[in-house]
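Structure file work03.txt; described as compact mmCIF, C-alpha atoms.
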```txt
# COMPACT_ATOMS: atom_id res chain seq x y z
CA MET A 13 -22.78 33.41 17.96
CA HIS A 14 -21.46 36.20 15.80
CA LYS A 15 -20.97 35.61 12.06
CA TYR A 16 -19.27 37.59 9.35
CA SER A 17 -21.93 39.67 7.63
CA LYS A 18 -22.64 39.65 3.90
CA GLN A 19 -20.49 36.55 3.33
CA VAL A 20 -21.42 33.57 1.15
CA ARG A 21 -21.17 30.10 2.73
CA HIS A 22 -19.42 27.26 0.87
CA LEU A 23 -19.23 23.54 1.47
CA LEU A 24 -15.85 22.18 2.58
CA ALA A 25 -14.79 18.67 1.58
CA VAL A 26 -11.74 16.41 1.59
CA ASP A 27 -10.67 13.81 -0.97
CA CYS A 28 -8.19 11.01 -0.31
CA ILE A 29 -5.80 9.72 -2.97
CA ILE A 30 -4.33 6.35 -1.98
CA PHE A 31 -1.55 4.85 -4.07
CA GLY A 32 -0.35 1.34 -3.32
CA PHE A 33 2.36 -1.09 -4.46
CA ASP A 34 1.70 -4.84 -4.44
CA GLY A 35 5.24 -5.94 -5.33
CA GLU A 36 4.57 -5.83 -9.06
CA LEU A 37 2.35 -2.87 -9.96
CA LEU A 38 1.72 0.65 -8.68
CA LYS A 39 -2.02 1.06 -8.14
CA ILE A 40 -4.65 3.53 -6.96
CA LEU A 41 -7.61 2.82 -4.69
CA LEU A 42 -11.04 3.91 -5.96
CA ILE A 43 -14.66 3.52 -4.86
CA GLN A 44 -18.03 3.73 -6.58
CA ARG A 45 -19.75 6.95 -5.53
CA GLY A 46 -22.78 6.26 -3.36
CA PHE A 47 -24.98 9.29 -4.14
CA GLN A 48 -25.93 11.69 -6.90
CA PRO A 49 -24.55 13.28 -8.95
CA GLU A 50 -22.34 10.63 -10.58
CA LYS A 51 -23.75 7.86 -8.39
CA GLY A 52 -22.09 4.53 -9.18
CA ASN A 53 -19.16 6.08 -11.04
CA TRP A 54 -15.54 5.70 -9.95
CA SER A 55 -14.31 8.23 -7.46
CA LEU A 56 -11.63 9.07 -4.95
CA MET A 57 -12.65 8.69 -1.32
CA GLY A 58 -14.32 12.00 -0.50
CA GLY A 59 -16.80 13.59 1.84
CA PHE A 60 -17.77 16.77 3.67
CA VAL A 61 -15.98 18.18 6.70
CA GLU A 62 -18.14 18.29 9.81
CA LEU A 63 -18.36 21.38 12.05
CA ASN A 64 -16.54 19.76 14.95
CA GLU A 65 -13.54 18.31 13.13
CA SER A 66 -10.33 19.46 11.50
CA LEU A 67 -9.35 18.68 7.92
CA ASN A 68 -6.95 15.98 9.11
CA GLN A 69 -9.64 14.39 11.27
CA ALA A 70 -12.11 14.48 8.39
CA SER A 71 -9.68 12.83 5.97
CA ASN A 72 -9.03 9.94 8.36
CA ARG A 73 -12.72 9.50 9.18
CA ILE A 74 -13.81 9.52 5.54
CA LEU A 75 -11.08 7.12 4.44
CA LYS A 76 -12.08 4.64 7.16
CA GLN A 77 -15.82 4.96 6.46
CA LEU A 78 -15.48 4.40 2.72
CA THR A 79 -12.69 1.81 2.59
CA GLY A 80 -12.08 0.42 6.07
CA LEU A 81 -8.48 1.65 6.02
CA GLU A 82 -7.11 3.24 9.18
CA GLY A 83 -3.67 4.07 10.48
CA VAL A 84 -2.67 5.42 7.07
CA TYR A 85 -0.45 8.50 7.11
CA LEU A 86 -2.21 11.09 4.94
CA GLU A 87 -0.33 14.13 3.70
CA GLN A 88 -2.14 17.28 2.62
CA LEU A 89 -1.65 17.91 -1.10
CA HIS A 90 -3.58 20.93 -2.40
CA THR A 91 -6.93 22.69 -2.19
CA PHE A 92 -9.14 22.55 -5.29
CA GLY A 93 -11.70 25.33 -5.56
CA ASP A 94 -12.83 25.89 -9.13
CA THR A 95 -16.32 27.36 -9.03
CA ASP A 96 -17.81 24.65 -11.25
CA ARG A 97 -16.01 21.59 -9.86
CA ASP A 98 -19.24 20.29 -8.27
CA PRO A 99 -22.47 20.72 -10.28
CA ILE A 100 -24.73 20.79 -7.21
CA GLU A 101 -23.19 23.36 -4.85
CA ARG A 102 -20.02 25.40 -4.56
CA THR A 103 -17.65 22.96 -2.86
CA VAL A 104 -14.01 23.52 -1.99
CA SER A 105 -12.03 20.31 -1.48
CA THR A 106 -8.65 19.72 0.14
CA ALA A 107 -6.92 16.64 -1.23
CA TYR A 108 -4.78 14.29 0.83
CA PHE A 109 -2.54 11.52 -0.49
CA ALA A 110 -0.74 8.44 0.78
CA LEU A 111 1.56 5.77 -0.63
CA ILE A 112 1.22 2.36 1.03
CA ASP A 113 2.20 -1.30 0.82
CA ILE A 114 -1.05 -2.90 -0.35
CA HIS A 115 -0.34 -6.19 1.44
CA LYS A 116 -0.07 -4.47 4.84
CA TYR A 117 -3.64 -3.18 4.59
CA GLU A 118 -5.44 -5.81 2.51
CA THR A 119 -7.26 -7.34 5.51
CA GLN A 120 -8.76 -3.92 6.38
CA LEU A 121 -10.31 -3.23 2.99
CA SER A 122 -14.11 -2.98 3.07
CA ASN A 123 -16.52 -3.90 0.27
CA ASP A 124 -19.25 -1.46 1.36
CA TYR A 125 -18.47 0.97 -1.46
CA HIS A 126 -16.78 -1.55 -3.78
CA ALA A 127 -13.29 -0.25 -3.00
CA GLU A 128 -10.96 -1.59 -5.67
CA TRP A 129 -7.30 -1.26 -6.63
CA PHE A 130 -6.60 -0.23 -10.23
CA PRO A 131 -3.19 -0.23 -11.96
CA LEU A 132 -2.18 3.38 -12.60
CA LYS A 133 -1.98 2.69 -16.31
CA ARG A 134 -5.60 1.47 -16.42
CA VAL A 135 -7.51 3.98 -14.31
CA PRO A 136 -11.19 4.36 -15.26
CA LYS A 137 -12.77 7.76 -15.87
CA LEU A 138 -13.13 9.63 -12.57
CA ILE A 139 -15.80 12.07 -11.43
CA PHE A 140 -15.45 15.85 -11.25
CA ASP A 141 -11.81 17.02 -11.06
CA HIS A 142 -10.51 13.85 -9.44
CA GLN A 143 -8.16 13.04 -12.31
CA GLU A 144 -6.56 16.46 -11.83
CA MET A 145 -6.07 15.60 -8.16
CA VAL A 146 -4.45 12.28 -9.07
CA GLU A 147 -2.02 13.94 -11.47
CA ALA A 148 -1.04 16.49 -8.82
CA ALA A 149 -0.44 13.71 -6.29
CA LYS A 150 1.73 11.79 -8.77
CA ARG A 151 3.89 14.87 -9.30
CA ARG A 152 4.27 15.34 -5.54
CA ILE A 153 5.31 11.72 -4.99
CA ARG A 154 7.87 11.90 -7.80
CA TYR A 155 9.33 15.02 -6.24
CA LYS A 156 9.54 13.44 -2.79
CA ALA A 157 10.97 10.19 -4.17
CA ALA A 158 13.70 12.12 -5.98
CA LEU A 159 14.86 13.64 -2.70
CA HIS A 160 14.30 10.86 -0.16
CA PRO A 161 14.21 7.03 -0.28
CA ILE A 162 10.49 6.93 0.61
CA LEU A 163 9.70 4.21 -1.94
CA PHE A 164 11.78 1.66 -0.01
CA GLU A 165 9.05 1.62 2.64
CA LEU A 166 6.60 0.07 0.14
CA LEU A 167 8.61 -3.11 -0.24
CA PRO A 168 8.14 -6.34 1.74
CA ASN A 169 10.62 -7.29 4.46
CA ARG A 170 12.78 -8.99 1.85
CA PHE A 171 12.81 -7.98 -1.78
CA THR A 172 14.88 -8.15 -4.95
CA ILE A 173 16.52 -5.32 -6.84
CA PRO A 174 14.29 -6.03 -9.87
CA GLN A 175 11.26 -5.46 -7.60
CA LEU A 176 12.71 -2.15 -6.44
CA GLN A 177 13.44 -1.15 -10.03
CA THR A 178 9.88 -1.97 -11.08
CA LEU A 179 8.60 0.31 -8.32
CA TYR A 180 10.79 3.23 -9.37
CA GLU A 181 9.94 2.76 -13.03
CA SER A 182 6.23 2.77 -12.15
CA VAL A 183 6.43 5.93 -10.06
CA PHE A 184 8.55 7.86 -12.57
CA ASN A 185 6.84 6.32 -15.61
CA THR A 186 10.16 5.56 -17.27
CA THR A 187 12.55 2.71 -18.15
CA ILE A 188 15.84 2.46 -16.24
CA ASP A 189 18.97 0.61 -17.33
CA LYS A 190 19.25 -2.51 -15.14
CA ARG A 191 23.02 -2.40 -14.61
CA ASN A 192 23.11 1.29 -13.76
CA PHE A 193 20.17 0.96 -11.41
CA SER A 194 21.71 -1.97 -9.54
CA LYS A 195 25.06 -0.18 -9.23
CA ARG A 196 23.49 3.03 -7.97
CA VAL A 197 21.13 1.44 -5.48
CA LEU A 198 23.86 -0.75 -3.96
CA ALA A 199 26.10 2.30 -3.63
CA THR A 200 23.58 3.95 -1.30
CA GLY A 201 24.42 1.52 1.51
CA LEU A 202 20.72 1.16 2.29
CA LEU A 203 20.48 -2.57 1.49
CA ILE A 204 21.60 -5.73 3.25
CA LYS A 205 22.18 -8.69 0.93
CA LEU A 206 20.67 -12.00 2.04
CA ALA A 207 21.83 -15.52 1.20
CA GLU A 208 18.49 -16.61 -0.32
CA LYS A 209 17.48 -16.09 -3.92
CA ASP A 210 14.15 -15.59 -5.65
CA LYS A 211 14.17 -18.07 -8.53
CA ALA A 212 10.61 -17.48 -9.70
CA GLY A 213 11.71 -15.28 -12.58
CA SER A 214 14.74 -17.23 -13.83
CA LYS A 215 16.93 -20.24 -13.11
CA ARG A 216 19.78 -17.97 -12.04
CA GLY A 217 17.52 -16.08 -9.67
CA ALA A 218 17.90 -12.74 -7.93
CA TYR A 219 19.25 -12.26 -4.41
CA TYR A 220 16.90 -11.03 -1.73
CA TYR A 221 17.76 -7.85 0.17
CA GLN A 222 16.56 -6.16 3.33
CA LEU A 223 16.45 -2.47 4.13
CA ASN A 224 19.18 -1.39 6.53
CA MET A 225 16.96 0.66 8.83
CA GLN A 226 19.87 2.29 10.68
CA ASN A 227 21.36 3.62 7.45
CA TYR A 228 17.89 4.45 6.12
CA TYR A 229 17.15 6.90 8.92
CA ALA A 230 20.71 8.24 9.00
CA LYS A 231 20.77 8.97 5.27
CA PHE A 232 17.14 9.94 4.77
CA GLN A 233 17.78 13.67 4.45
CA ALA A 234 21.00 13.18 2.45
CA PHE A 235 19.68 10.60 0.02
CA LEU A 236 21.49 10.68 -3.32
CA ASN A 237 18.86 10.06 -5.92
CA PHE A 238 19.78 7.33 -8.40
CA ILE A 239 17.16 8.10 -11.05
CA PRO A 240 18.98 9.58 -14.08
CA ASN A 241 17.96 13.21 -14.69
CA PRO A 242 14.96 13.16 -12.33
CA ASP A 243 14.09 16.79 -13.12
CA THR A 244 12.93 15.72 -16.58
CA LEU A 245 10.47 13.25 -15.04
CA LEU A 246 8.72 15.48 -12.51
CA LEU A 247 6.20 17.13 -14.80
```

What would you get if you wrote out this structure as structure tokens?
Amino acid sequence: MHKYSKQVRHLLAVDCIIFGFDGELLKILLIQRGFQPEKGNWSLMGGFVELNESLNQASNRILKQLTGLEGVYLEQLHTFGDTDRDPIERTVSTAYFALIDIHKYETQLSNDYHAEWFPLKRVPKLIFDHQEMVEAAKRRIRYKAALHPILFELLPNRFTIPQLQTLYESVFNTTIDKRNFSKRVLATGLLIKLAEKDKAGSKRGAYYYQLNMQNYYAKFQAFLNFIPNPDTLLL
């Protein structure tokens, strides 16, 4: 087999950034690294790409091996290639990210590498440049959420507007006026009001809603964002 002459070989890796919402908090999935350097420290799910697989195949394989999760849609984020990002060998890593409903995947989660969900506001120190990857993924999700109603997919089959507001506030790291949020979200036509109420938070309770899937798909590309001044929150 012919090879390019006088070229240096590098290692190629992938890292998976998995965000999840449990109905109350936005979280990130981390594992304890199983080998040196940084063995035992908190890490994204990462590994090396094999000769016979694509980047997409590698990301799905590594995520399943390290956490047990499969069937997760992973989107390519960015390639990180600083020369000193790995102290052992020159390693270029392509990061993938996903945003999931934690409850839909909780039975798949493996304990082999101590996979654990952490609230985004209490993330432990991460190895290498993994925190940089996380910040880049957060910016990408904010951008996508400002254009399309992707966050609605993280909610249970029935949910309250306060739950939806909590999710948006977590993603955009901001506080939203309750009345304005309710008015804007109802104006989208994406929700179906149910007769039942959730009275866990107050005696008055909050009505449950369901996502109108027909309107969701019809309006996906023309979604009118209801976060005030989203451009100021994307950095």

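Residue nearest Leu138 of chain A within the list A:Thr178, A:Asn227, A:Gln44, A:Gln233: A:Gln44 [criterion: smallest interatomic distance, all atoms listed in the file].
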
Residue neighbourhood Gly217 of chain A, 12 Å, only C-alpha atoms, exclusion window fewer than 4 positions, as a list of chain:residue names: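 The residues satisfying every condition are A:Thr172, A:Ile173, A:Pro174, A:Ala207, A:Glu208, A:Lys209, A:Asp210, A:Lys211, A:Ala212, A:Gly213.
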
Within 10 Å of Asn72 of chain A, counting all atoms listed in the file, which residues show up once you throw out same-chain ones fewer than 3 positions away? Write them as JSON, numbers by chain, please. {"A": [26, 28, 67, 68, 69, 75, 76, 77, 81, 82, 83, 84, 85, 86, 108]}

Take atom CA of Leu78 of chain A and atom CA of Thr106 of chain A and report the distance between them in Å, one decimal.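 These two atoms are separated by 17.0 Å.
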
Using only C-alpha atoms, which protein or nucleic acid residues come within 10 Å of segment 52-61 of chain A? Drop anything in the same chain fewer than 4 positions from it, and give the result as a PyMOL selection string. chain A and resi 23-30+40-48+65-71+73-79+103-108+125-128+135-143+145-146

For segment 201-204 of chain A: contacts at 6 Å, only C-alpha atoms, fewer than 5 positions along chain excluded, given as a list of chain:residue names: A:Tyr221, A:Gln222, A:Leu223, A:Asn224, A:Asn227, A:Tyr228

Mind checking which residues fall within 7 Å of Phe235 of chain A, counting only C-alpha atoms, ignoring those fewer than 6 positions away in the same chain, and posting them as a list in words?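 In the requested format, the answer is Leu159, His160 and Pro161 of chain A.
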
If I take atom CA of Glu101 of chain A and atom CA of Arg21 of chain A, how far is one from the other in Å, to one decimal?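 Atom-to-atom, atom CA of Glu101 of chain A to atom CA of Arg21 of chain A, that is 10.3 Å.
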
Figure out the distance between atom CA of Lys133 of chain A and atom CA of Asn169 of chain A, please, to one decimal in Å. 26.3 Å

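Distances to Pro99 of chain A were evaluated for A:Ala157, A:Arg216, A:Gly35, A:Pro49 using all atoms listed in the file, and the minimum falls at A:Pro49.
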
Using all atoms listed in the file, give me every residue within 10 Å of (-1.2, 2.0, -1.2) in file coordinates, as a list in words.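 It turns out the residues near that spot are Ile29, Ile30, Phe31, Gly32, Phe33, Asp34, Leu38, Lys39, Ile40, Leu41, Val84, Phe109, Ala110, Leu111, Ile112, Asp113, Ile114, His115, Lys116, Tyr117, Glu118, Trp129 and Leu166 of chain A.
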
Which residue out of A:Arg134, A:Phe232, A:Arg102, A:Thr119 has the minimum interatomic distance to Val20 of chain A when all atoms listed in the file are used?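 Selected residue with least distance to Val20 of chain A: A:Arg102.
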
Rank nothing, just name the residue among A:Glu144, A:Lys205, A:Val183, A:Met225 nearest to Glu165 of chain A, using only C-alpha atoms.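 Nearest candidate to Glu165 of chain A out of A:Glu144, A:Lys205, A:Val183, A:Met225: A:Met225.
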
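Distance annotation: of A:Asn123, A:Arg191, A:Asp94, A:Val197, the residue with the minimal separation from Phe164 of chain A is A:Val197; atom set is only C-alpha atoms.
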